[in-house]
file final_5.cif (mmCIF, C-alpha atoms and all ligand atoms)
data_structure
#
loop_
_atom_site.group_PDB
_atom_site.id
_atom_site.type_symbol
_atom_site.label_atom_id
_atom_site.label_comp_id
_atom_site.auth_asym_id
_atom_site.auth_seq_id
_atom_site.Cartn_x
_atom_site.Cartn_y
_atom_site.Cartn_z
ATOM 1 C CA MET A 8 -20.193 -4.701 -3.920
ATOM 2 C CA ALA A 9 -20.876 -2.116 -6.606
ATOM 3 C CA SER A 10 -17.904 -1.521 -8.864
ATOM 4 C CA HIS A 11 -16.338 1.909 -8.555
ATOM 5 C CA THR A 12 -14.841 1.529 -11.998
ATOM 6 C CA PRO A 13 -16.428 3.807 -14.574
ATOM 7 C CA ALA A 14 -14.118 2.468 -17.297
ATOM 8 C CA GLU A 15 -15.991 0.762 -20.102
ATOM 9 C CA ARG A 16 -14.964 -1.441 -22.986
ATOM 10 C CA PHE A 17 -16.121 -0.737 -26.532
ATOM 11 C CA ARG A 18 -15.636 -3.036 -29.494
ATOM 12 C CA GLY A 19 -16.005 -2.560 -33.204
ATOM 13 C CA ALA A 20 -14.472 -3.006 -36.611
ATOM 14 C CA ASP A 21 -12.469 0.232 -36.685
ATOM 15 C CA LEU A 22 -10.886 2.483 -34.133
ATOM 16 C CA THR A 23 -12.440 5.800 -35.216
ATOM 17 C CA ARG A 24 -15.973 4.499 -34.903
ATOM 18 C CA VAL A 25 -15.323 2.738 -31.604
ATOM 19 C CA ALA A 26 -13.726 5.876 -30.143
ATOM 20 C CA ASP A 27 -16.723 7.916 -31.374
ATOM 21 C CA ARG A 28 -19.091 5.564 -29.640
ATOM 22 C CA ALA A 29 -17.048 5.834 -26.426
ATOM 23 C CA ARG A 30 -17.272 9.641 -26.666
ATOM 24 C CA ARG A 31 -21.014 9.585 -27.248
ATOM 25 C CA THR A 32 -21.550 7.210 -24.310
ATOM 26 C CA LEU A 33 -19.151 8.684 -21.770
ATOM 27 C CA GLY A 34 -19.008 12.336 -22.783
ATOM 28 C CA ASP A 35 -16.576 14.679 -24.488
ATOM 29 C CA ASP A 36 -13.956 14.444 -21.754
ATOM 30 C CA VAL A 37 -13.515 10.725 -22.431
ATOM 31 C CA MET A 38 -10.012 9.384 -22.042
ATOM 32 C CA ILE A 39 -8.904 6.338 -24.009
ATOM 33 C CA LEU A 40 -7.049 4.174 -21.515
ATOM 34 C CA HIS A 41 -6.085 1.325 -23.735
ATOM 35 C CA THR A 42 -6.674 -0.080 -27.183
ATOM 36 C CA ARG A 43 -5.979 -3.547 -28.488
ATOM 37 C CA THR A 44 -6.879 -5.834 -31.332
ATOM 38 C CA ILE A 45 -8.829 -8.932 -30.393
ATOM 39 C CA ARG A 46 -10.417 -11.794 -32.283
ATOM 40 C CA ASP A 47 -14.107 -12.324 -31.815
ATOM 41 C CA GLY A 48 -15.059 -15.672 -33.344
ATOM 42 C CA GLY A 49 -12.028 -15.407 -35.599
ATOM 43 C CA VAL A 50 -12.930 -11.877 -36.773
ATOM 44 C CA PRO A 51 -10.334 -9.195 -35.874
ATOM 45 C CA MET A 52 -11.818 -6.321 -33.866
ATOM 46 C CA VAL A 53 -10.633 -3.242 -32.060
ATOM 47 C CA GLU A 54 -11.304 -2.999 -28.346
ATOM 48 C CA VAL A 55 -11.085 0.322 -26.571
ATOM 49 C CA LEU A 56 -11.071 0.843 -22.833
ATOM 50 C CA ALA A 57 -12.269 4.339 -21.986
ATOM 51 C CA ALA A 58 -13.359 6.408 -18.998
ATOM 52 C CA PRO A 59 -14.407 10.026 -18.451
ATOM 53 C CA SER A 60 -11.307 11.944 -17.375
ATOM 54 C CA THR A 61 -13.234 13.540 -14.493
ATOM 55 C CA ALA A 62 -13.824 10.029 -13.117
ATOM 56 C CA ILE A 63 -10.106 9.317 -13.287
ATOM 57 C CA ASP A 64 -9.418 12.571 -11.441
ATOM 58 C CA ARG A 65 -11.962 11.589 -8.801
ATOM 59 C CA VAL A 66 -10.303 8.211 -8.240
ATOM 60 C CA ARG A 67 -6.905 9.858 -8.059
ATOM 61 C CA ALA A 68 -8.152 12.438 -5.558
ATOM 62 C CA ARG A 69 -9.563 9.728 -3.283
ATOM 63 C CA LEU A 70 -6.423 7.588 -3.269
ATOM 64 C CA GLU A 71 -3.706 10.254 -3.406
ATOM 65 C CA PRO A 72 -1.948 10.739 -0.070
ATOM 66 C CA ALA A 73 -0.744 14.130 1.148
ATOM 67 C CA PRO A 74 2.910 14.507 0.169
ATOM 68 C CA LEU A 75 5.439 13.507 2.804
ATOM 69 C CA PRO A 76 6.802 16.521 4.668
ATOM 70 C CA SER A 77 9.831 18.074 3.030
ATOM 71 C CA PRO A 78 12.323 17.867 4.607
ATOM 72 C CA ILE A 79 10.899 14.770 6.205
ATOM 73 C CA ARG A 80 12.022 15.900 9.617
ATOM 74 C CA VAL A 81 13.176 19.139 11.076
ATOM 75 C CA ALA A 82 16.754 18.908 12.382
ATOM 76 C CA GLY A 83 16.745 17.897 16.022
ATOM 77 C CA ASP A 84 13.176 16.527 15.953
ATOM 78 C CA ARG A 85 12.507 12.854 16.338
ATOM 79 C CA PRO A 86 12.386 10.756 13.138
ATOM 80 C CA TYR A 87 9.188 10.785 11.042
ATOM 81 C CA CYS A 88 7.430 7.555 12.115
ATOM 82 C CA ILE A 89 5.513 5.284 9.771
ATOM 83 C CA ALA A 90 3.895 2.269 11.434
ATOM 84 C CA LEU A 91 2.572 -0.794 9.631
ATOM 85 C CA VAL A 92 -0.414 -2.593 11.143
ATOM 86 C CA GLY A 93 -2.678 -5.335 9.853
ATOM 87 C CA PRO A 94 -3.776 -8.953 10.031
ATOM 88 C CA THR A 95 -1.347 -11.838 10.463
ATOM 89 C CA GLY A 96 0.695 -12.646 7.407
ATOM 90 C CA ALA A 97 -0.380 -9.538 5.472
ATOM 91 C CA GLY A 98 3.221 -8.623 4.675
ATOM 92 C CA LYS A 99 3.995 -6.022 7.373
ATOM 93 C CA THR A 100 7.520 -7.182 8.220
ATOM 94 C CA THR A 101 8.567 -7.657 4.593
ATOM 95 C CA THR A 102 7.128 -4.249 3.682
ATOM 96 C CA ALA A 103 8.850 -2.587 6.653
ATOM 97 C CA ALA A 104 12.162 -3.974 5.418
ATOM 98 C CA LYS A 105 11.463 -2.780 1.858
ATOM 99 C CA LEU A 106 10.601 0.735 3.020
ATOM 100 C CA ALA A 107 13.590 1.145 5.293
ATOM 101 C CA VAL A 108 16.176 -0.543 3.107
ATOM 102 C CA ARG A 109 15.284 0.817 -0.315
ATOM 103 C CA ARG A 110 17.484 3.757 -1.214
ATOM 104 C CA GLY A 111 15.582 6.801 -2.346
ATOM 105 C CA THR A 112 12.151 5.885 -0.906
ATOM 106 C CA PHE A 113 12.521 9.014 1.202
ATOM 107 C CA GLY A 114 14.999 10.920 -0.923
ATOM 108 C CA ALA A 115 18.259 11.376 0.924
ATOM 109 C CA ALA A 116 16.667 10.790 4.347
ATOM 110 C CA ARG A 117 18.168 7.966 6.413
ATOM 111 C CA GLY A 118 15.820 5.066 7.168
ATOM 112 C CA GLY A 119 15.636 3.060 10.394
ATOM 113 C CA LEU A 120 13.616 0.130 11.703
ATOM 114 C CA LEU A 121 11.871 -0.453 14.981
ATOM 115 C CA THR A 122 9.792 -3.484 15.873
ATOM 116 C CA ILE A 123 7.320 -4.021 18.649
ATOM 117 C CA ASP A 124 6.626 -7.548 17.396
ATOM 118 C CA THR A 125 8.333 -9.543 20.095
ATOM 119 C CA TYR A 126 5.768 -12.361 19.868
ATOM 120 C CA ARG A 127 6.387 -13.901 16.488
ATOM 121 C CA VAL A 128 9.235 -16.382 16.410
ATOM 122 C CA GLY A 129 11.774 -15.265 13.833
ATOM 123 C CA GLY A 130 10.056 -11.943 13.061
ATOM 124 C CA MET A 131 12.656 -9.906 14.880
ATOM 125 C CA GLU A 132 15.592 -11.806 13.402
ATOM 126 C CA GLN A 133 14.111 -11.307 9.942
ATOM 127 C CA LEU A 134 14.190 -7.525 10.338
ATOM 128 C CA ALA A 135 17.526 -7.510 12.162
ATOM 129 C CA THR A 136 19.106 -9.304 9.201
ATOM 130 C CA TYR A 137 17.785 -6.758 6.710
ATOM 131 C CA ALA A 138 18.884 -3.863 8.925
ATOM 132 C CA ASP A 139 22.312 -5.428 9.249
ATOM 133 C CA LEU A 140 22.717 -5.980 5.522
ATOM 134 C CA ALA A 141 21.661 -2.417 4.741
ATOM 135 C CA ALA A 142 23.630 -1.006 7.695
ATOM 136 C CA ILE A 143 20.657 0.907 9.083
ATOM 137 C CA PRO A 144 19.660 1.316 12.743
ATOM 138 C CA PHE A 145 17.344 -1.270 14.261
ATOM 139 C CA GLU A 146 15.633 -1.233 17.652
ATOM 140 C CA VAL A 147 13.334 -3.644 19.451
ATOM 141 C CA VAL A 148 10.962 -2.282 22.068
ATOM 142 C CA TYR A 149 9.261 -4.619 24.553
ATOM 143 C CA ASP A 150 7.686 -2.095 26.848
ATOM 144 C CA ALA A 151 6.252 1.437 26.571
ATOM 145 C CA ARG A 152 8.848 2.634 29.110
ATOM 146 C CA GLU A 153 11.624 1.803 26.630
ATOM 147 C CA VAL A 154 10.219 3.970 23.861
ATOM 148 C CA ASP A 155 11.802 7.269 24.921
ATOM 149 C CA ALA A 156 15.311 5.851 25.131
ATOM 150 C CA ALA A 157 14.955 4.059 21.796
ATOM 151 C CA MET A 158 13.651 7.239 20.155
ATOM 152 C CA LYS A 159 16.533 9.239 21.559
ATOM 153 C CA ARG A 160 19.029 6.831 20.012
ATOM 154 C CA LEU A 161 17.166 6.777 16.697
ATOM 155 C CA THR A 162 17.024 10.575 16.594
ATOM 156 C CA GLU A 163 20.815 10.506 16.279
ATOM 157 C CA THR A 164 20.886 7.933 13.512
ATOM 158 C CA CYS A 165 17.843 8.207 11.254
ATOM 159 C CA ASP A 166 15.297 10.604 9.759
ATOM 160 C CA VAL A 167 12.466 8.175 8.937
ATOM 161 C CA LEU A 168 11.525 5.298 11.157
ATOM 162 C CA ILE A 169 9.501 2.309 9.971
ATOM 163 C CA VAL A 170 7.673 0.579 12.813
ATOM 164 C CA ASP A 171 6.695 -3.093 12.488
ATOM 165 C CA THR A 172 3.861 -4.445 14.642
ATOM 166 C CA PRO A 173 2.509 -7.934 15.381
ATOM 167 C CA GLY A 174 -0.326 -9.412 13.365
ATOM 168 C CA ARG A 175 -3.581 -8.872 15.147
ATOM 169 C CA SER A 176 -5.570 -11.970 15.828
ATOM 170 C CA PRO A 177 -9.065 -11.262 17.148
ATOM 171 C CA ALA A 178 -8.590 -14.134 19.608
ATOM 172 C CA SER A 179 -5.723 -12.487 21.457
ATOM 173 C CA ALA A 180 -7.300 -9.369 22.915
ATOM 174 C CA GLU A 181 -4.688 -9.061 25.657
ATOM 175 C CA LEU A 182 -1.740 -9.143 23.255
ATOM 176 C CA THR A 183 -3.517 -6.684 21.011
ATOM 177 C CA GLU A 184 -3.960 -4.306 23.920
ATOM 178 C CA ARG A 185 -0.250 -4.591 24.763
ATOM 179 C CA TRP A 186 1.004 -3.657 21.329
ATOM 180 C CA ARG A 187 -1.549 -0.906 20.997
ATOM 181 C CA SER A 188 -0.259 0.775 24.161
ATOM 182 C CA LEU A 189 3.231 0.449 22.748
ATOM 183 C CA LEU A 190 2.179 2.017 19.470
ATOM 184 C CA ASP A 191 0.422 4.773 21.400
ATOM 185 C CA ALA A 192 3.691 5.533 23.177
ATOM 186 C CA ILE A 193 5.497 5.711 19.832
ATOM 187 C CA ALA A 194 2.778 8.008 18.423
ATOM 188 C CA PRO A 195 3.462 7.367 14.726
ATOM 189 C CA ASP A 196 2.890 10.126 12.176
ATOM 190 C CA GLU A 197 1.314 7.657 9.739
ATOM 191 C CA VAL A 198 -0.278 4.271 10.339
ATOM 192 C CA HIS A 199 -0.521 2.115 7.229
ATOM 193 C CA LEU A 200 -3.033 -0.696 7.260
ATOM 194 C CA VAL A 201 -1.391 -3.531 5.324
ATOM 195 C CA LEU A 202 -3.946 -5.773 3.624
ATOM 196 C CA PRO A 203 -3.435 -8.474 0.998
ATOM 197 C CA ALA A 204 -4.921 -7.288 -2.287
ATOM 198 C CA SER A 205 -6.689 -10.649 -2.625
ATOM 199 C CA LEU A 206 -8.751 -10.086 0.522
ATOM 200 C CA ARG A 207 -12.520 -10.253 0.076
ATOM 201 C CA ALA A 208 -13.913 -6.715 -0.037
ATOM 202 C CA ASP A 209 -16.448 -7.248 2.766
ATOM 203 C CA LEU A 210 -13.729 -8.560 5.102
ATOM 204 C CA ALA A 211 -11.378 -5.735 4.143
ATOM 205 C CA ILE A 212 -14.056 -3.171 4.974
ATOM 206 C CA ASP A 213 -14.651 -4.786 8.399
ATOM 207 C CA ILE A 214 -10.941 -4.927 9.150
ATOM 208 C CA GLY A 215 -10.513 -1.338 7.965
ATOM 209 C CA ARG A 216 -13.274 -0.224 10.295
ATOM 210 C CA ALA A 217 -11.712 -2.062 13.237
ATOM 211 C CA TYR A 218 -8.310 -0.503 12.639
ATOM 212 C CA ARG A 219 -9.615 2.987 12.081
ATOM 213 C CA ALA A 220 -11.874 3.191 15.114
ATOM 214 C CA THR A 221 -9.132 2.993 17.678
ATOM 215 C CA ARG A 222 -7.142 5.267 19.918
ATOM 216 C CA ALA A 223 -5.479 8.371 18.575
ATOM 217 C CA HIS A 224 -2.160 6.939 17.446
ATOM 218 C CA CYS A 225 -3.243 3.452 16.408
ATOM 219 C CA GLY A 226 -5.918 4.392 13.929
ATOM 220 C CA ALA A 227 -5.051 3.595 10.323
ATOM 221 C CA THR A 228 -4.332 6.723 8.272
ATOM 222 C CA HIS A 229 -3.306 4.971 5.019
ATOM 223 C CA LEU A 230 -3.968 1.754 3.160
ATOM 224 C CA LEU A 231 -1.066 -0.340 1.900
ATOM 225 C CA LEU A 232 -2.247 -3.150 -0.346
ATOM 226 C CA SER A 233 0.245 -6.026 -0.471
ATOM 227 C CA LYS A 234 0.652 -9.032 -2.754
ATOM 228 C CA LEU A 235 -0.794 -7.432 -5.909
ATOM 229 C CA ASP A 236 1.200 -10.098 -7.746
ATOM 230 C CA GLU A 237 -1.158 -12.726 -6.294
ATOM 231 C CA VAL A 238 -4.281 -11.228 -7.865
ATOM 232 C CA PRO A 239 -4.809 -12.394 -11.442
ATOM 233 C CA ARG A 240 -4.687 -9.341 -13.723
ATOM 234 C CA GLU A 241 -5.037 -7.237 -10.544
ATOM 235 C CA THR A 242 -8.784 -7.414 -11.080
ATOM 236 C CA GLY A 243 -10.759 -5.517 -8.462
ATOM 237 C CA VAL A 244 -7.709 -4.227 -6.609
ATOM 238 C CA THR A 245 -8.539 -0.568 -7.246
ATOM 239 C CA ASP A 246 -12.144 -1.116 -6.211
ATOM 240 C CA LEU A 247 -10.881 -2.669 -2.984
ATOM 241 C CA ALA A 248 -8.671 0.371 -2.341
ATOM 242 C CA LEU A 249 -11.574 2.739 -3.018
ATOM 243 C CA SER A 250 -13.888 0.831 -0.706
ATOM 244 C CA LEU A 251 -11.452 1.307 2.193
ATOM 245 C CA ASP A 252 -11.407 5.049 1.543
ATOM 246 C CA LEU A 253 -7.861 5.623 2.761
ATOM 247 C CA PRO A 254 -5.006 7.156 0.764
ATOM 248 C CA ALA A 255 -2.531 4.658 -0.669
ATOM 249 C CA ARG A 256 1.106 5.790 -0.602
ATOM 250 C CA TRP A 257 2.593 2.429 -1.598
ATOM 251 C CA ILE A 258 1.657 -1.061 -2.770
ATOM 252 C CA THR A 259 3.744 -4.245 -2.830
ATOM 253 C CA ASP A 260 3.831 -6.796 -5.605
ATOM 254 C CA GLY A 261 6.246 -9.536 -4.661
ATOM 255 C CA GLN A 262 8.520 -11.027 -2.041
ATOM 256 C CA ASP A 263 11.757 -9.366 -3.151
ATOM 257 C CA VAL A 264 13.201 -6.903 -0.667
ATOM 258 C CA PRO A 265 13.404 -4.074 -1.516
ATOM 259 C CA ALA A 266 12.420 -4.250 -5.209
ATOM 260 C CA ASP A 267 8.742 -5.174 -4.895
ATOM 261 C CA LEU A 268 7.487 -1.904 -3.461
ATOM 262 C CA LYS A 269 5.871 0.684 -5.727
ATOM 263 C CA PRO A 270 4.136 4.076 -5.418
ATOM 264 C CA GLY A 271 0.455 3.359 -4.775
ATOM 265 C CA VAL A 272 -1.631 5.684 -6.929
ATOM 266 C CA PRO A 273 0.033 5.250 -10.336
ATOM 267 C CA ARG A 274 -0.131 1.505 -9.907
ATOM 268 C CA LEU A 275 -3.729 1.450 -8.671
ATOM 269 C CA LEU A 276 -4.835 3.653 -11.528
ATOM 270 C CA ARG A 277 -3.081 1.284 -13.886
ATOM 271 C CA SER A 278 -4.736 -1.780 -12.335
ATOM 272 C CA TRP A 279 -8.058 -0.105 -12.658
ATOM 273 C CA GLY A 280 -10.035 -2.121 -15.154
ATOM 274 C CA LEU A 281 -7.009 -2.869 -17.267
ATOM 275 C CA ALA A 282 -5.933 -6.321 -18.339
ATOM 276 C CA ALA A 283 -2.429 -7.458 -17.449
ATOM 277 C CA ASP A 284 -1.407 -7.207 -21.078
ATOM 278 C CA ALA A 285 -2.148 -3.488 -21.112
ATOM 279 C CA GLU A 286 0.617 -1.044 -21.855
ATOM 280 C CA PRO A 287 1.924 0.186 -18.512
ATOM 281 C CA ASP A 288 2.335 3.778 -19.695
ATOM 282 C CA TRP A 289 -1.258 4.774 -20.230
ATOM 283 C CA LEU A 290 -1.159 7.280 -17.422
ATOM 284 C CA PRO A 291 1.884 9.288 -16.410
ATOM 285 C CA ALA A 292 3.461 7.840 -13.238
HETATM 286 N N1 LIG A 301 3.620 -12.713 -3.233
HETATM 287 C C1 LIG A 301 3.888 -11.814 -2.277
HETATM 288 N N2 LIG A 301 4.246 -12.244 -1.071
HETATM 289 C C2 LIG A 301 4.518 -11.310 -0.121
HETATM 290 C C3 LIG A 301 4.431 -9.921 -0.363
HETATM 291 N N3 LIG A 301 4.745 -9.285 0.796
HETATM 292 C C4 LIG A 301 5.015 -10.237 1.695
HETATM 293 N N4 LIG A 301 4.886 -11.465 1.166
HETATM 294 C C5 LIG A 301 5.062 -12.785 1.786
HETATM 295 O O1 LIG A 301 4.033 -12.995 2.736
HETATM 296 C C6 LIG A 301 4.520 -13.787 3.824
HETATM 297 C C7 LIG A 301 4.233 -13.072 5.122
HETATM 298 O O2 LIG A 301 4.979 -11.864 5.133
HETATM 299 P P1 LIG A 301 5.357 -11.100 6.475
HETATM 300 O O3 LIG A 301 6.056 -9.857 6.064
HETATM 301 O O4 LIG A 301 6.071 -11.988 7.416
HETATM 302 O O5 LIG A 301 3.902 -10.777 7.024
HETATM 303 P P2 LIG A 301 3.526 -10.123 8.431
HETATM 304 O O6 LIG A 301 2.321 -9.277 8.189
HETATM 305 O O7 LIG A 301 4.716 -9.455 9.020
HETATM 306 O O8 LIG A 301 3.131 -11.421 9.269
HETATM 307 P P3 LIG A 301 2.933 -11.506 10.883
HETATM 308 O O9 LIG A 301 4.079 -10.780 11.499
HETATM 309 O O10 LIG A 301 2.945 -12.970 11.150
HETATM 310 O O11 LIG A 301 1.608 -10.893 11.163
HETATM 311 C C8 LIG A 301 5.999 -13.995 3.550
HETATM 312 O O12 LIG A 301 6.175 -15.247 2.933
HETATM 313 C C9 LIG A 301 6.354 -12.863 2.590
HETATM 314 O O13 LIG A 301 7.456 -13.158 1.757
HETATM 315 C C10 LIG A 301 4.032 -9.489 -1.682
HETATM 316 O O14 LIG A 301 3.921 -8.300 -1.998
HETATM 317 N N5 LIG A 301 3.780 -10.481 -2.578
HETATM 318 MG MG MG A 302 5.617 -9.682 10.898
#
call {"tool": "encode", "arguments": {"input": "final_5.cif", "output": "structure tokens", "more": "lines below"}}
Ligand SMILES: Nc1nc2c(ncn2[C@@H]2O[C@H](COP(=O)(O)OP(=O)(O)OP(=O)(O)O)[C@@H](O)[C@H]2O)c(=O)[nH]1
Ligand SMILES: [Mg+2]
result
Amino acid sequence: MASHTPAERFRGADLTRVADRARRTLGDDVMILHTRTIRDGGVPMVEVLAAPSTAIDRVRARLEPAPLPSPIRVAGDRPYCIALVGPTGAGKTTTAAKLAVRRGTFGAARGGLLTIDTYRVGGMEQLATYADLAAIPFEVVYDAREVDAAMKRLTETCDVLIVDTPGRSPASAELTERWRSLLDAIAPDEVHLVLPASLRADLAIDIGRAYRATRAHCGATHLLLSKLDEVPRETGVTDLALSLDLPARWITDGQDVPADLKPGVPRLLRSWGLAADAEPDWLPA
């Protein structure tokens, strides 16, 4: 896969000359992303990571999601629904818990959880425990006919609803069809495709295609890369996000609920071509 990263590294004996070379190569709008001193065969050198600022703007524009509605729901309307879909073990349930439990993810709006994953042993209990600890509403729906009643109850108790779904195994077409009809009945406002950041790009593109080309309410609208902590130096993570061509509202980078959930774009821009030892403040969050 061609890299989408237009950031380039320049090395030399002194910073002024290296920065000049970066400007001559990449143009006057060059932005220095990171500088560090390295040793090349024992000789100290300056290394500069630079990219044209228009390229950075382009990446940002492709990954930036539309802002959440404000207020997130009009009084009396049903809660704003965010569903998480994706392959088995991608991190959907953990991420659902993080989103619903973390205070401030949605400002002052009250979070709630709903699961349609009644297949996975322990999945429901996992979410129920988090909901219990955080004292937020939790509903399980087994059948499309139960959706209305569940939504009515949730309308009283929460403003944003996070919907967990079962992992989709290509071998279980019948189960897949069942949860898709359920998700259709829920009609989420956003459907986040949760994919591990370590997934091979060609597989991610195939999976993305499969999840996007579906019925109205099941099609993925956003990408949520999980497990960034499992990718050494986060190499290639931003390229993966760009190849899926979906906006990225959040990423996850660890198993801790709710701490390991971060806004997507600032983090993806930071991962973009930068080594792990880079200063984290090179772009405003
Ligand atoms: N390192 C790391 N592990 C994570 C992250 N998110 C989830 N996990 C772990 O990944 C495993 C699977 O997470 P789940 O949330 O159960 O995944 P799921 O997509 O709901 O799985 P199914 O319901 O079986 O499809 C668990 O051990 C989680 O703790 C993350 O950001 N980083
Ligand atoms: Mg799950």
call {"tool": "atom_distance", "arguments": {"input": "final_5.cif", "atom1": "CA of Asp36 (chain A)", "atom2": "CA of Ile63 (chain A)"}}
result
10.6 Å
call {"tool": "residues_around", "arguments": {"input": "final_5.cif", "residues": "Arg109 (chain A)", "least_positions_apart": "5", "cutoff": "12 Å", "atoms": "all atoms listed in the file", "output": "MDAnalysis selection string"}}
result
chainID A and resid 101:104 114:119 137:138 140:143 169 263:269
call {"tool": "atom_distance", "arguments": {"input": "final_5.cif", "atom1": "CA of Ser250 (chain A)", "atom2": "CA of Ala211 (chain A)"}}
result
8.5 Å
call {"tool": "closest_residue", "arguments": {"input": "final_5.cif", "among": "A:Gly19, A:Gly93, A:Pro59, A:Pro254", "to": "ligand LIG 301 (chain A)", "atoms": "only C-alpha atoms and all ligand atoms"}}
result
A:Gly93
call {"tool": "residues_near_ligand", "arguments": {"input": "final_5.cif", "ligand": "ligand LIG 301 (chain A)", "cutoff": "6 Å", "atoms": "all atoms listed in the file", "output": "PyMOL selection string"}}
result
chain A and resi 94-101+173-174+233-234+236-237+259-262
call {"tool": "residues_around", "arguments": {"input": "final_5.cif", "residues": "region 45-57 of chain A", "least_positions_apart": "5", "cutoff": "9 Å", "atoms": "all atoms listed in the file", "output": "PyMOL selection string"}}
result
chain A and resi 13-22+25-26+29-30+33+37-40+280-281
call {"tool": "atom_distance", "arguments": {"input": "final_5.cif", "atom1": "CA of Gly226 (chain A)", "atom2": "CA of Thr136 (chain A)"}}
result
28.9 Å
call {"tool": "closest_residue", "arguments": {"input": "final_5.cif", "among": "A:Ser278, A:Ser77, A:Gln133, A:Ser188", "to": "Asp150 (chain A)", "atoms": "all atoms listed in the file"}}
result
A:Ser188
call {"tool": "residues_around", "arguments": {"input": "final_5.cif", "residues": "Tyr126 (chain A)", "least_positions_apart": "5", "cutoff": "12 Å", "atoms": "only C-alpha atoms", "output": "compact mmCIF listing (two decimals) with C-alpha atoms, in the frame of the given file"}}
result
# COMPACT_ATOMS: atom_id res chain seq x y z
CA THR A 95 -1.35 -11.84 10.46
CA MET A 131 12.66 -9.91 14.88
CA GLU A 132 15.59 -11.81 13.40
CA VAL A 147 13.33 -3.64 19.45
CA VAL A 148 10.96 -2.28 22.07
CA TYR A 149 9.26 -4.62 24.55
CA ASP A 171 6.70 -3.09 12.49
CA THR A 172 3.86 -4.44 14.64
CA PRO A 173 2.51 -7.93 15.38
CA GLY A 174 -0.33 -9.41 13.36
CA ARG A 175 -3.58 -8.87 15.15
CA SER A 179 -5.72 -12.49 21.46
CA LEU A 182 -1.74 -9.14 23.26
CA THR A 183 -3.52 -6.68 21.01
CA ARG A 185 -0.25 -4.59 24.76
CA TRP A 186 1.00 -3.66 21.33
call {"tool": "residues_near_point", "arguments": {"input": "final_5.cif", "point": "(-0.9, 8.4, -2.9)", "cutoff": "6 Å", "atoms": "all atoms listed in the file", "output": "MDAnalysis selection string"}}
result
chainID A and resid 70:72 254:256 271:272
call {"tool": "write_last_selection", "arguments": {"input": "final_5.cif", "atoms": "C-alpha atoms", "output": "PDB file, in the frame of the given file"}}
result
ATOM      1  CA  LEU A  70      -6.423   7.588  -3.269  1.00  0.00           C
ATOM      2  CA  GLU A  71      -3.706  10.254  -3.406  1.00  0.00           C
ATOM      3  CA  PRO A  72      -1.948  10.739  -0.070  1.00  0.00           C
ATOM      4  CA  PRO A 254      -5.006   7.156   0.764  1.00  0.00           C
ATOM      5  CA  ALA A 255      -2.531   4.658  -0.669  1.00  0.00           C
ATOM      6  CA  ARG A 256       1.106   5.790  -0.602  1.00  0.00           C
ATOM      7  CA  GLY A 271       0.455   3.359  -4.775  1.00  0.00           C
ATOM      8  CA  VAL A 272      -1.631   5.684  -6.929  1.00  0.00           C
TER       9      VAL A 272
END
